Number of protein chains: 2
Amino acid sequence: MKTVQVSLGDRSYEILIEAGLLNQVGELLEHRGTHPRIFMISNSHVFQLYGEDLGRQLSDQGYQVDSVLIPDGEQHKHLKTVEQIYTDLISQLADRSSTVIALGGGVTGDIAGFAAATLFRGIPYIQIPTTLLAQVDSAVGGKTGVNHPLGKNMIGAFYQPDLVCIDTDTLSSLPAREFQSGLYEVVKYGLICDPEFFSFFETHLKDIHSQIPSVLEEVVCRCCEIKAQITSQDEKENDVRRILNFGHTFGHALEAVTQYQRFTHGEAIAWGMLVETHLSRLQGLLDASTGDRIMQTIHRIGKLPPLDNISVESLLEAMKRDKKHQGEKIIFVLLEAIGSTVITGDVEEHLLTEAWKLIC
Amino acid sequence: MKTVQVSLGDRSYEILIEAGLLNQVGELLEHRGTHPRIFMISNSHVFQLYGEDLGRQLSDQGYQVDSVLIPDGEQHKHLKTVEQIYTDLISQLADRSSTVIALGGGVTGDIAGFAAATLFRGIPYIQIPTTLLAQVDSAVGGKTGVNHPLGKNMIGAFYQPDLVCIDTDTLSSLPAREFQSGLYEVVKYGLICDPEFFSFFETHLKDIHSQIPSVLEEVVCRCCEIKAQITSQDEKENDVRRILNFGHTFGHALEAVTQYQRFTHGEAIAWGMLVETHLSRLQGLLDASTGDRIMQTIHRIGKLPPLDNISVESLLEAMKRDKKHQGEKIIFVLLEAIGSTVITGDVEEHLLTEAWKLIC
């Protein structure tokens with residue numbers, strides 16, 4: 001079993017990574033002295049695949065487990081779903097020592113994490129991410145939250161889990177599009193801080209697509225290590241952590257103007273990274289051949305849904321509303337090399353328009 | 001100016017207390033380098049009394065201030081009001097460095113604090129409590145949150161303000177009932193940990209009722225000191241902080257079964273302290289004469305609304321649902337002397353019924 005430590009003082013926790021880890025969760029929790037009352041939050045699809053077995057396993061281990069099924073999809077990631085969880089847990093007499101298990105992808109983890117962060121002013125929770133995107137990104141780092149009609153992830157809390165259990169075997173049940181979407185966040189880690197990992201990714205892309213277990217474990221573990229290291233330095237995204245937002249300024253705006261329905265999060269970030277790579281070149285930060293290499297690798301991951309009927313004006317408006325802008329400035333994470341970023345609020349609007357046109 | 005320090009590592013902050021302090025807030029914030037964008041959250045009554053002037057003062061000091069008025073009263077302390085704040089602040093382009101000022105009583109502070117805790121995963125906020133209850137209790141200690149249809153303060157976060165400004169002059173505009181309600185929380189501090197302060201309260205009750213400025217400042221400051229000390233030891237109510245809940249187990253249940261409409265929070269806590277003082281005697285913890293002295297002082301503060309048509313069964317049910325129960329047990333803070341508490345989950349139900357009958 002691979003273990004990654006997230007060091008955050010009294011909020012520190014471990015990420016455990018192994019193919020087949022789901023079968024050991026009951027034992028692991030008992031060993032750690034997890035309180036006997038557990039609420040498993042999942043969606044019906046993931047629950048059928050893994051939740052029923054996990055529930056039985058936990059019951060056999062002596063836990064009292066109730067399940068709360070929530071609808072899946074970014075369009076359900078809003079306060080109403082969180083309220084449903086509050087009502088279910090309170091009705092079933094949850095108390096402050098009850099533990100929430102978030103079993104599913106990023107949407108489930110973000111919603112369940114926010115519910116755990118805010119029910120009774122915070123109860124323990126454990127992340128069991130079952131999508132690649134969640135395993136390498138959203139389940140690690142303590143960001144929880146939901147969307148607001150005016151923007152993505154506007155409502156939330158920094159709230160660290162007690163434990164993250166990653167079973168890479170669950171990735172085999174992912175639709176190809178979901179798996180591919182996760183790979184965009186994987187390649188991002190190489191781009192923002194690890195040129196060696198970027199090269200590894202380039203050369204092993206075929207094995208990754210074939211889901212060779214040892215390669216997958218290595219990829220997921222490296223991503224978690226990077227995210228853990230960044231999070232440990234800057235829990236609340238004041239500074240270092242902002243480099244994780246490469247591709248996200250445009251990406252979030254793309255999701256917002258298409259009502260979170262046309263692109264998966266990973267696909268929006270992929271388009272975002274492509275625009276922001278162009279932007280890095282237009283700003284004179286990145287040389288042309290490196291830019292080409294980056295864009296080629298992103299395109300090699302798979303085909304992206306087209307960008308039809310999206311105006312740059314609507315994107316600019318969405319970016320200005322996004323929580324990452326400071327005052328009137330839109331903040332970008334740009335690249336000056338593979339593995340090296342520059343954070344800037346000084347990008348002229350005509351360059352944004354030009355970069356956008358270059359990818360359209 | 002009196003200053004009370006709340007020591008919580010990188011979440012430490014100061015409570016400033018002075019008659020007339022409201023006139024200095026602009027200067028104070030400028031001196032502290034508060035970010036120029038401010039959102040003042042208040043209700044229309046308090047806004048008319050103090051908010052308009054404060055807004056002008058802050059504008060004169062160079063701040064860009066917008067106001068968000070929310071409905072007052074415990075019945076509006078729910079997620080819908082928080083959502084209104086989210087929408088207003090996002091629409092007016094708030095960002096992560098914008099500061100929320102909560103101007104008003106406990107309800108305003110709890111709601112505004114929770115909105116600040118969860119908008120963009122947390123933005124800075126400043127408490128300016130204008131009721132006695134808020135000045136001595138809810139504005140200090142970082143508890144924020146709202147009610148759920150199934151119970152009080154079920155949804156929330158521990159989130160510390162950047163600063164608390166207390167102007168005791170604002171108490172002169174309080175309705176007598178509100179002022180009296182605050183006094184019940186004041187006397188609680190003496191009961192749970194400060195026999196000297198309890199004696200001071202007994203002997204100065206007339207001056208307190210007359211709102212003699214120097215006496216008021218001393219009373220508010222002592223309460224803040226006690227609350228700050230307890231909060232510093234136990235930010236998240238795992239341990240020491242629970243003594244603050246003397247009177248609250250019954251008190252919260254009383255509020256819940258009367259839909260938060262019949263009693264003010266302070267009045268419910270007053271009834272709660274009376275029941276729990278009886279309970280302390282019935283449990284053999286407290287001697288009869290001390291119990292009498294306590295109950296006499298609580299009654300001397302003022303007249304309480306009657307307890308008609310409340311069944312002990314409905315109270316028991318509400319207590320079991322409350323977040324302070326652990327597993328199946330209802331947790332009580334009881335007294336063994338003035339200034340000395342015992343926390344117990346071992347109270348037999350027939351004693352609860354008997355204590356309840358004794359006050360009815």
# chains A, B, ... in the order shown; residues from 1 in each chain; ligands from 1
$ interface_residues --of "chain B" --to "chain A" --cutoff "6 Å" --atoms "only C-alpha atoms" --output "PDB file with N, CA, C and O atoms, in the first residue's frame"
ATOM      1  N   ASP B  95     -15.039  39.771  -3.552  1.00  0.00           N
ATOM      2  CA  ASP B  95     -14.024  38.743  -3.810  1.00  0.00           C
ATOM      3  C   ASP B  95     -13.442  38.280  -2.481  1.00  0.00           C
ATOM      4  O   ASP B  95     -13.926  38.668  -1.420  1.00  0.00           O
ATOM      5  N   THR B 118     -18.428  30.721   4.561  1.00  0.00           N
ATOM      6  CA  THR B 118     -18.670  29.785   3.460  1.00  0.00           C
ATOM      7  C   THR B 118     -18.681  30.435   2.078  1.00  0.00           C
ATOM      8  O   THR B 118     -18.713  29.724   1.079  1.00  0.00           O
ATOM      9  N   LEU B 119     -18.675  31.754   1.982  1.00  0.00           N
ATOM     10  CA  LEU B 119     -18.585  32.378   0.662  1.00  0.00           C
ATOM     11  C   LEU B 119     -17.125  32.314   0.230  1.00  0.00           C
ATOM     12  O   LEU B 119     -16.231  32.719   0.981  1.00  0.00           O
ATOM     13  N   PHE B 120     -16.884  31.818  -0.957  1.00  0.00           N
ATOM     14  CA  PHE B 120     -15.510  31.628  -1.470  1.00  0.00           C
ATOM     15  C   PHE B 120     -14.651  30.837  -0.484  1.00  0.00           C
ATOM     16  O   PHE B 120     -13.457  31.084  -0.336  1.00  0.00           O
ATOM     17  N   ARG B 121     -15.253  29.933   0.234  1.00  0.00           N
ATOM     18  CA  ARG B 121     -14.591  29.144   1.285  1.00  0.00           C
ATOM     19  C   ARG B 121     -13.991  30.000   2.402  1.00  0.00           C
ATOM     20  O   ARG B 121     -13.005  29.611   3.031  1.00  0.00           O
ATOM     21  N   MET B 154     -28.053  23.853  13.884  1.00  0.00           N
ATOM     22  CA  MET B 154     -27.578  22.558  13.389  1.00  0.00           C
ATOM     23  C   MET B 154     -26.566  22.742  12.258  1.00  0.00           C
ATOM     24  O   MET B 154     -25.722  21.889  12.026  1.00  0.00           O
ATOM     25  N   ILE B 155     -26.699  23.828  11.509  1.00  0.00           N
ATOM     26  CA  ILE B 155     -25.845  24.076  10.353  1.00  0.00           C
ATOM     27  C   ILE B 155     -24.902  25.220  10.697  1.00  0.00           C
ATOM     28  O   ILE B 155     -25.376  26.278  11.125  1.00  0.00           O
ATOM     29  N   GLY B 156     -23.617  25.037  10.518  1.00  0.00           N
ATOM     30  CA  GLY B 156     -22.731  26.139  10.857  1.00  0.00           C
ATOM     31  C   GLY B 156     -21.266  25.797  10.704  1.00  0.00           C
ATOM     32  O   GLY B 156     -20.900  24.743  10.176  1.00  0.00           O
ATOM     33  N   ALA B 157     -20.443  26.711  11.189  1.00  0.00           N
ATOM     34  CA  ALA B 157     -18.991  26.509  11.113  1.00  0.00           C
ATOM     35  C   ALA B 157     -18.346  27.217  12.293  1.00  0.00           C
ATOM     36  O   ALA B 157     -18.881  28.199  12.802  1.00  0.00           O
ATOM     37  N   LYS B 323     -27.746  18.472  18.840  1.00  0.00           N
ATOM     38  CA  LYS B 323     -26.408  18.023  18.483  1.00  0.00           C
ATOM     39  C   LYS B 323     -25.504  17.757  19.670  1.00  0.00           C
ATOM     40  O   LYS B 323     -24.425  17.208  19.522  1.00  0.00           O
TER      41      LYS B 323
END
$ residues_around --residues "Ser289 of chain B" --least-positions-apart "4" --cutoff "12 Å" --atoms "only C-alpha atoms" --output "PDB file with N, CA and C atoms, in the first residue's frame"
ATOM      1  N   THR B 277     -30.623  23.853  37.473  1.00  0.00           N
ATOM      2  CA  THR B 277     -30.240  24.050  38.877  1.00  0.00           C
ATOM      3  C   THR B 277     -31.005  23.045  39.755  1.00  0.00           C
ATOM      4  N   HIS B 278     -32.306  22.902  39.491  1.00  0.00           N
ATOM      5  CA  HIS B 278     -33.069  21.858  40.190  1.00  0.00           C
ATOM      6  C   HIS B 278     -32.446  20.485  39.951  1.00  0.00           C
ATOM      7  N   ARG B 281     -29.516  19.784  41.999  1.00  0.00           N
ATOM      8  CA  ARG B 281     -29.889  19.405  43.358  1.00  0.00           C
ATOM      9  C   ARG B 281     -30.377  17.971  43.416  1.00  0.00           C
ATOM     10  N   ARG B 293     -30.276  30.421  46.176  1.00  0.00           N
ATOM     11  CA  ARG B 293     -29.610  31.701  45.887  1.00  0.00           C
ATOM     12  C   ARG B 293     -29.534  31.923  44.365  1.00  0.00           C
ATOM     13  N   ILE B 294     -29.178  30.878  43.650  1.00  0.00           N
ATOM     14  CA  ILE B 294     -29.064  30.974  42.192  1.00  0.00           C
ATOM     15  C   ILE B 294     -30.425  31.316  41.586  1.00  0.00           C
ATOM     16  N   MET B 295     -31.445  30.571  42.001  1.00  0.00           N
ATOM     17  CA  MET B 295     -32.763  30.753  41.383  1.00  0.00           C
ATOM     18  C   MET B 295     -33.346  32.116  41.717  1.00  0.00           C
ATOM     19  N   GLN B 296     -33.050  32.576  42.939  1.00  0.00           N
ATOM     20  CA  GLN B 296     -33.529  33.897  43.344  1.00  0.00           C
ATOM     21  C   GLN B 296     -32.902  34.982  42.449  1.00  0.00           C
ATOM     22  N   ALA B 337     -21.380  23.835  42.608  1.00  0.00           N
ATOM     23  CA  ALA B 337     -21.279  25.053  43.425  1.00  0.00           C
ATOM     24  C   ALA B 337     -21.368  26.225  42.464  1.00  0.00           C
ATOM     25  N   ILE B 338     -21.481  27.436  42.982  1.00  0.00           N
ATOM     26  CA  ILE B 338     -21.411  28.602  42.095  1.00  0.00           C
ATOM     27  C   ILE B 338     -19.977  28.690  41.594  1.00  0.00           C
TER      28      ILE B 338
END
$ residues_around --residues "Ile128 of chain B" --least-positions-apart "3" --cutoff "9 Å" --atoms "only C-alpha atoms" --output "MDAnalysis selection string"
chainID B and resid 22 101:105 109 134:135 139 163:167
$ select_by_dssp --residues "segment 104-304 of chain B" --states "alpha helix (DSSP H)" --output "PyMOL selection string"
chain B and resi 106-118+132-133+176-193+195-209+213-233+248-257+265-282+288-301
$ closest_residue --among "A:Gln61, A:Ser280, A:Ser7, A:Asn245" --to "Lys188 of chain A" --atoms "only C-alpha atoms"
A:Asn245
$ residues_around --residues "Cys224 of chain B" --least-positions-apart "3" --cutoff "8 Å" --atoms "only C-alpha atoms" --output "VMD selection string"
chain B and resid 4 15 135 to 137 140 220 to 221 227 to 228
$ residues_around --residues "Pro305 of chain A" --least-positions-apart "5" --cutoff "8 Å" --atoms "only C-alpha atoms" --output "VMD selection string"
chain A and resid 262 to 263 267
$ write_last_selection --atoms "all heavy atoms" --output "mmCIF file, in the first residue's frame"
data_model
loop_
_atom_site.group_PDB
_atom_site.id
_atom_site.type_symbol
_atom_site.label_atom_id
_atom_site.label_comp_id
_atom_site.auth_asym_id
_atom_site.auth_seq_id
_atom_site.Cartn_x
_atom_site.Cartn_y
_atom_site.Cartn_z
ATOM 1 N N ARG A 262 -22.110 21.140 -20.897
ATOM 2 C CA ARG A 262 -21.504 20.685 -22.146
ATOM 3 C C ARG A 262 -20.180 19.945 -21.935
ATOM 4 O O ARG A 262 -19.879 18.977 -22.606
ATOM 5 C CB ARG A 262 -21.281 21.872 -23.088
ATOM 6 C CG ARG A 262 -21.030 21.378 -24.499
ATOM 7 C CD ARG A 262 -20.495 22.425 -25.450
ATOM 8 N NE ARG A 262 -21.325 23.611 -25.567
ATOM 9 C CZ ARG A 262 -21.058 24.602 -26.420
ATOM 10 N NH1 ARG A 262 -19.997 24.510 -27.226
ATOM 11 N NH2 ARG A 262 -21.810 25.676 -26.460
ATOM 12 N N PHE A 263 -19.381 20.462 -20.991
ATOM 13 C CA PHE A 263 -18.056 19.874 -20.751
ATOM 14 C C PHE A 263 -18.010 19.201 -19.381
ATOM 15 O O PHE A 263 -18.637 19.672 -18.441
ATOM 16 C CB PHE A 263 -16.979 20.968 -20.760
ATOM 17 C CG PHE A 263 -16.986 21.817 -21.997
ATOM 18 C CD1 PHE A 263 -17.536 23.092 -21.986
ATOM 19 C CD2 PHE A 263 -16.437 21.332 -23.185
ATOM 20 C CE1 PHE A 263 -17.542 23.881 -23.125
ATOM 21 C CE2 PHE A 263 -16.439 22.117 -24.332
ATOM 22 C CZ PHE A 263 -17.000 23.397 -24.308
ATOM 23 N N GLU A 267 -12.548 18.309 -19.101
ATOM 24 C CA GLU A 267 -12.540 18.827 -20.475
ATOM 25 C C GLU A 267 -12.464 20.356 -20.496
ATOM 26 O O GLU A 267 -11.730 20.947 -21.308
ATOM 27 C CB GLU A 267 -13.797 18.359 -21.217
ATOM 28 C CG GLU A 267 -13.773 16.867 -21.545
ATOM 29 C CD GLU A 267 -15.160 16.309 -21.910
ATOM 30 O OE1 GLU A 267 -16.160 17.045 -21.751
ATOM 31 O OE2 GLU A 267 -15.225 15.133 -22.314
#
$ residues_around --residues "Leu279 of chain B" --least-positions-apart "5" --cutoff "7 Å" --atoms "only C-alpha atoms" --output "PDB file with N, CA and C atoms, in the first residue's frame"
ATOM      1  N   LEU B 351     -35.696  12.008  36.595  1.00  0.00           N
ATOM      2  CA  LEU B 351     -35.209  13.222  37.257  1.00  0.00           C
ATOM      3  C   LEU B 351     -35.435  14.454  36.384  1.00  0.00           C
ATOM      4  N   LEU B 352     -35.293  14.265  35.063  1.00  0.00           N
ATOM      5  CA  LEU B 352     -35.570  15.371  34.148  1.00  0.00           C
ATOM      6  C   LEU B 352     -37.024  15.804  34.308  1.00  0.00           C
ATOM      7  N   ALA B 355     -37.495  17.607  37.679  1.00  0.00           N
ATOM      8  CA  ALA B 355     -36.937  18.968  37.656  1.00  0.00           C
ATOM      9  C   ALA B 355     -37.859  19.894  36.864  1.00  0.00           C
TER      10      ALA B 355
END
